[in-house]
Amino acid sequence: MAGYRNEEYADTQVDDLLAHTDFQSLPIVIDKDARDQTNDTTTELRKGLVLCKVTATGKYKEYDNDASDGTEDASTAVILMQPISLNTTDDQPATALVRAIVKADAPIFHDSAAATAFTWGDCQLIRQW
């Protein structure tokens, strides 16, 4: 698939996220309106945040079970591989985990309702260990 990179972790960048050493990453674009509401700081998206694709733009924002813009669709879920500083005026490039098996406590959701509503069985790219 175009854009995907096969990797096997060789450093600790994603060690705390993965339950298995093989994964693929994907370059994505973070929507400038993305938020991480449960983060202590409002200026950063945390590593491990579950993101889903906005249907109209193809950009990624936090999974939101109450949304109707595509970010409620768990089948598009990816996990942010590194913290991203928020910039409310521009979209941000980032790298996301896809085709990975992640530790049960690795994914971060923007709020507790989203964490409860997320269905791993619907997720096509990530599996929880």
# chains A, B, ... in the order shown; residues from 1 in each chain; ligands from 1

call {"tool": "residues_around", "arguments": {"residues": "region 54-70 of chain A", "least_positions_apart": "3", "cutoff": "8 Å", "atoms": "only C-alpha atoms", "output": "mmCIF file with N, CA, C and O atoms, in the first residue's frame"}}
result
data_model
loop_
_atom_site.group_PDB
_atom_site.id
_atom_site.type_symbol
_atom_site.label_atom_id
_atom_site.label_comp_id
_atom_site.auth_asym_id
_atom_site.auth_seq_id
_atom_site.Cartn_x
_atom_site.Cartn_y
_atom_site.Cartn_z
ATOM 1 N N ILE A 28 0.591 11.089 8.300
ATOM 2 C CA ILE A 28 -0.758 11.644 8.289
ATOM 3 C C ILE A 28 -0.685 13.152 8.466
ATOM 4 O O ILE A 28 0.371 13.700 8.775
ATOM 5 N N VAL A 29 -1.815 13.798 8.298
ATOM 6 C CA VAL A 29 -1.923 15.230 8.571
ATOM 7 C C VAL A 29 -2.932 15.408 9.693
ATOM 8 O O VAL A 29 -4.067 14.927 9.613
ATOM 9 N N ILE A 30 -2.495 16.089 10.754
ATOM 10 C CA ILE A 30 -3.353 16.382 11.893
ATOM 11 C C ILE A 30 -4.130 17.658 11.595
ATOM 12 O O ILE A 30 -3.537 18.697 11.286
ATOM 13 N N ASP A 31 -5.449 17.589 11.686
ATOM 14 C CA ASP A 31 -6.304 18.753 11.489
ATOM 15 C C ASP A 31 -5.983 19.814 12.538
ATOM 16 O O ASP A 31 -5.769 19.497 13.702
ATOM 17 N N ASP A 33 -7.793 21.666 14.086
ATOM 18 C CA ASP A 33 -8.799 21.717 15.144
ATOM 19 C C ASP A 33 -8.743 20.513 16.084
ATOM 20 O O ASP A 33 -9.595 20.386 16.968
ATOM 21 N N ALA A 34 -7.768 19.626 15.925
ATOM 22 C CA ALA A 34 -7.642 18.448 16.790
ATOM 23 C C ALA A 34 -7.384 18.880 18.231
ATOM 24 O O ALA A 34 -6.692 19.874 18.477
ATOM 25 N N ARG A 35 -7.934 18.112 19.165
ATOM 26 C CA ARG A 35 -7.777 18.408 20.584
ATOM 27 C C ARG A 35 -7.530 17.131 21.373
ATOM 28 O O ARG A 35 -7.918 16.049 20.975
ATOM 29 N N ASP A 36 -6.908 17.285 22.527
ATOM 30 C CA ASP A 36 -6.652 16.193 23.464
ATOM 31 C C ASP A 36 -7.177 16.669 24.811
ATOM 32 O O ASP A 36 -6.436 17.174 25.640
ATOM 33 N N LEU A 49 -2.500 8.916 21.420
ATOM 34 C CA LEU A 49 -3.860 9.396 21.189
ATOM 35 C C LEU A 49 -4.471 8.695 19.979
ATOM 36 O O LEU A 49 -3.832 8.570 18.938
ATOM 37 N N VAL A 50 -5.695 8.217 20.127
ATOM 38 C CA VAL A 50 -6.410 7.564 19.034
ATOM 39 C C VAL A 50 -7.027 8.647 18.155
ATOM 40 O O VAL A 50 -7.773 9.500 18.632
ATOM 41 N N LEU A 51 -6.682 8.595 16.869
ATOM 42 C CA LEU A 51 -7.165 9.559 15.889
ATOM 43 C C LEU A 51 -7.946 8.840 14.807
ATOM 44 O O LEU A 51 -7.661 7.687 14.486
ATOM 45 N N ASP A 73 -15.836 7.010 13.277
ATOM 46 C CA ASP A 73 -15.680 5.727 12.586
ATOM 47 C C ASP A 73 -14.388 5.040 13.021
ATOM 48 O O ASP A 73 -13.300 5.385 12.565
ATOM 49 N N ALA A 74 -14.517 4.055 13.894
ATOM 50 C CA ALA A 74 -13.342 3.356 14.430
ATOM 51 C C ALA A 74 -12.552 2.620 13.354
ATOM 52 O O ALA A 74 -11.383 2.302 13.550
ATOM 53 N N ALA A 77 -9.248 4.334 12.564
ATOM 54 C CA ALA A 77 -8.408 4.691 13.706
ATOM 55 C C ALA A 77 -6.933 4.393 13.482
ATOM 56 O O ALA A 77 -6.562 3.366 12.925
ATOM 57 N N PHE A 109 -7.598 8.222 24.798
ATOM 58 C CA PHE A 109 -8.777 8.800 24.177
ATOM 59 C C PHE A 109 -8.987 10.206 24.712
ATOM 60 O O PHE A 109 -8.594 10.517 25.834
ATOM 61 N N HIS A 110 -9.636 11.044 23.913
ATOM 62 C CA HIS A 110 -9.771 12.447 24.304
ATOM 63 C C HIS A 110 -10.724 12.643 25.474
ATOM 64 O O HIS A 110 -10.668 13.654 26.149
ATOM 65 N N ALA A 113 -15.899 9.094 27.666
ATOM 66 C CA ALA A 113 -17.007 8.586 26.851
ATOM 67 C C ALA A 113 -16.488 7.966 25.563
ATOM 68 O O ALA A 113 -16.973 6.924 25.118
ATOM 69 N N ALA A 114 -15.496 8.590 24.967
ATOM 70 C CA ALA A 114 -14.903 8.049 23.738
ATOM 71 C C ALA A 114 -14.218 6.719 24.021
ATOM 72 O O ALA A 114 -14.325 5.775 23.240
ATOM 73 N N ALA A 117 -16.904 4.088 24.325
ATOM 74 C CA ALA A 117 -17.644 3.827 23.087
ATOM 75 C C ALA A 117 -16.814 3.153 22.005
ATOM 76 O O ALA A 117 -17.362 2.490 21.128
ATOM 77 N N PHE A 118 -15.486 3.307 22.054
ATOM 78 C CA PHE A 118 -14.629 2.776 20.997
ATOM 79 C C PHE A 118 -14.731 1.257 20.949
ATOM 80 O O PHE A 118 -14.635 0.580 21.963
#

call {"tool": "select_by_dssp", "arguments": {"residues": "chain A", "states": "strand (DSSP E or B)", "output": "number ranges by chain"}}
result
A: 5-8, 18, 22-30, 44-45, 49-53, 60-62, 78-80, 84-85, 92-98, 100-102, 108, 126-128

call {"tool": "select_by_dssp", "arguments": {"residues": "region 9-127 of chain A", "states": "helix (DSSP H, G or I)", "output": "VMD selection string"}}
result
chain A and resid 74 to 76 112 to 117 120 to 122

call {"tool": "write_last_selection", "arguments": {"atoms": "N, CA and C atoms", "output": "CSV table (one decimal), in the first residue's frame"}}
result
chain,number,residue,atom,x,y,z
A,74,ALA,N,-14.5,4.1,13.9
A,74,ALA,CA,-13.3,3.4,14.4
A,74,ALA,C,-12.6,2.6,13.4
A,75,SER,N,-13.2,2.4,12.2
A,75,SER,CA,-12.4,1.6,11.2
A,75,SER,C,-11.3,2.5,10.6
A,76,THR,N,-11.3,3.8,10.8
A,76,THR,CA,-10.2,4.6,10.3
A,76,THR,C,-9.1,4.9,11.4
A,112,SER,N,-13.5,10.2,28.5
A,112,SER,CA,-13.8,8.8,29.0
A,112,SER,C,-15.0,8.3,28.2
A,113,ALA,N,-15.9,9.1,27.7
A,113,ALA,CA,-17.0,8.6,26.9
A,113,ALA,C,-16.5,8.0,25.6
A,114,ALA,N,-15.5,8.6,25.0
A,114,ALA,CA,-14.9,8.0,23.7
A,114,ALA,C,-14.2,6.7,24.0
A,115,ALA,N,-13.5,6.6,25.1
A,115,ALA,CA,-12.8,5.4,25.5
A,115,ALA,C,-13.8,4.3,25.7
A,116,THR,N,-15.0,4.6,26.3
A,116,THR,CA,-16.0,3.6,26.5
A,116,THR,C,-16.7,3.1,25.2
A,117,ALA,N,-16.9,4.1,24.3
A,117,ALA,CA,-17.6,3.8,23.1
A,117,ALA,C,-16.8,3.2,22.0
A,120,TRP,N,-13.0,-2.0,19.5
A,120,TRP,CA,-11.8,-2.5,18.8
A,120,TRP,C,-12.1,-3.4,17.7
A,121,GLY,N,-13.2,-4.1,17.7
A,121,GLY,CA,-13.6,-5.0,16.6
A,121,GLY,C,-13.9,-4.3,15.3
A,122,ASP,N,-14.2,-3.0,15.4
A,122,ASP,CA,-14.5,-2.2,14.2
A,122,ASP,C,-13.2,-1.6,13.6

call {"tool": "residues_around", "arguments": {"residues": "Ala106 (chain A)", "least_positions_apart": "3", "cutoff": "9 Å", "atoms": "only C-alpha atoms", "output": "number ranges by chain"}}
result
A: 16-18, 47-49, 102-103, 128

call {"tool": "atom_distance", "arguments": {"atom1": "CA of Gln24 (chain A)", "atom2": "CA of Ala96 (chain A)"}}
result
8.6 Å

call {"tool": "closest_residue", "arguments": {"among": "A:Asp111, A:Thr71, A:Phe23, A:Leu80", "to": "Lys53 (chain A)", "atoms": "only C-alpha atoms"}}
result
A:Thr71
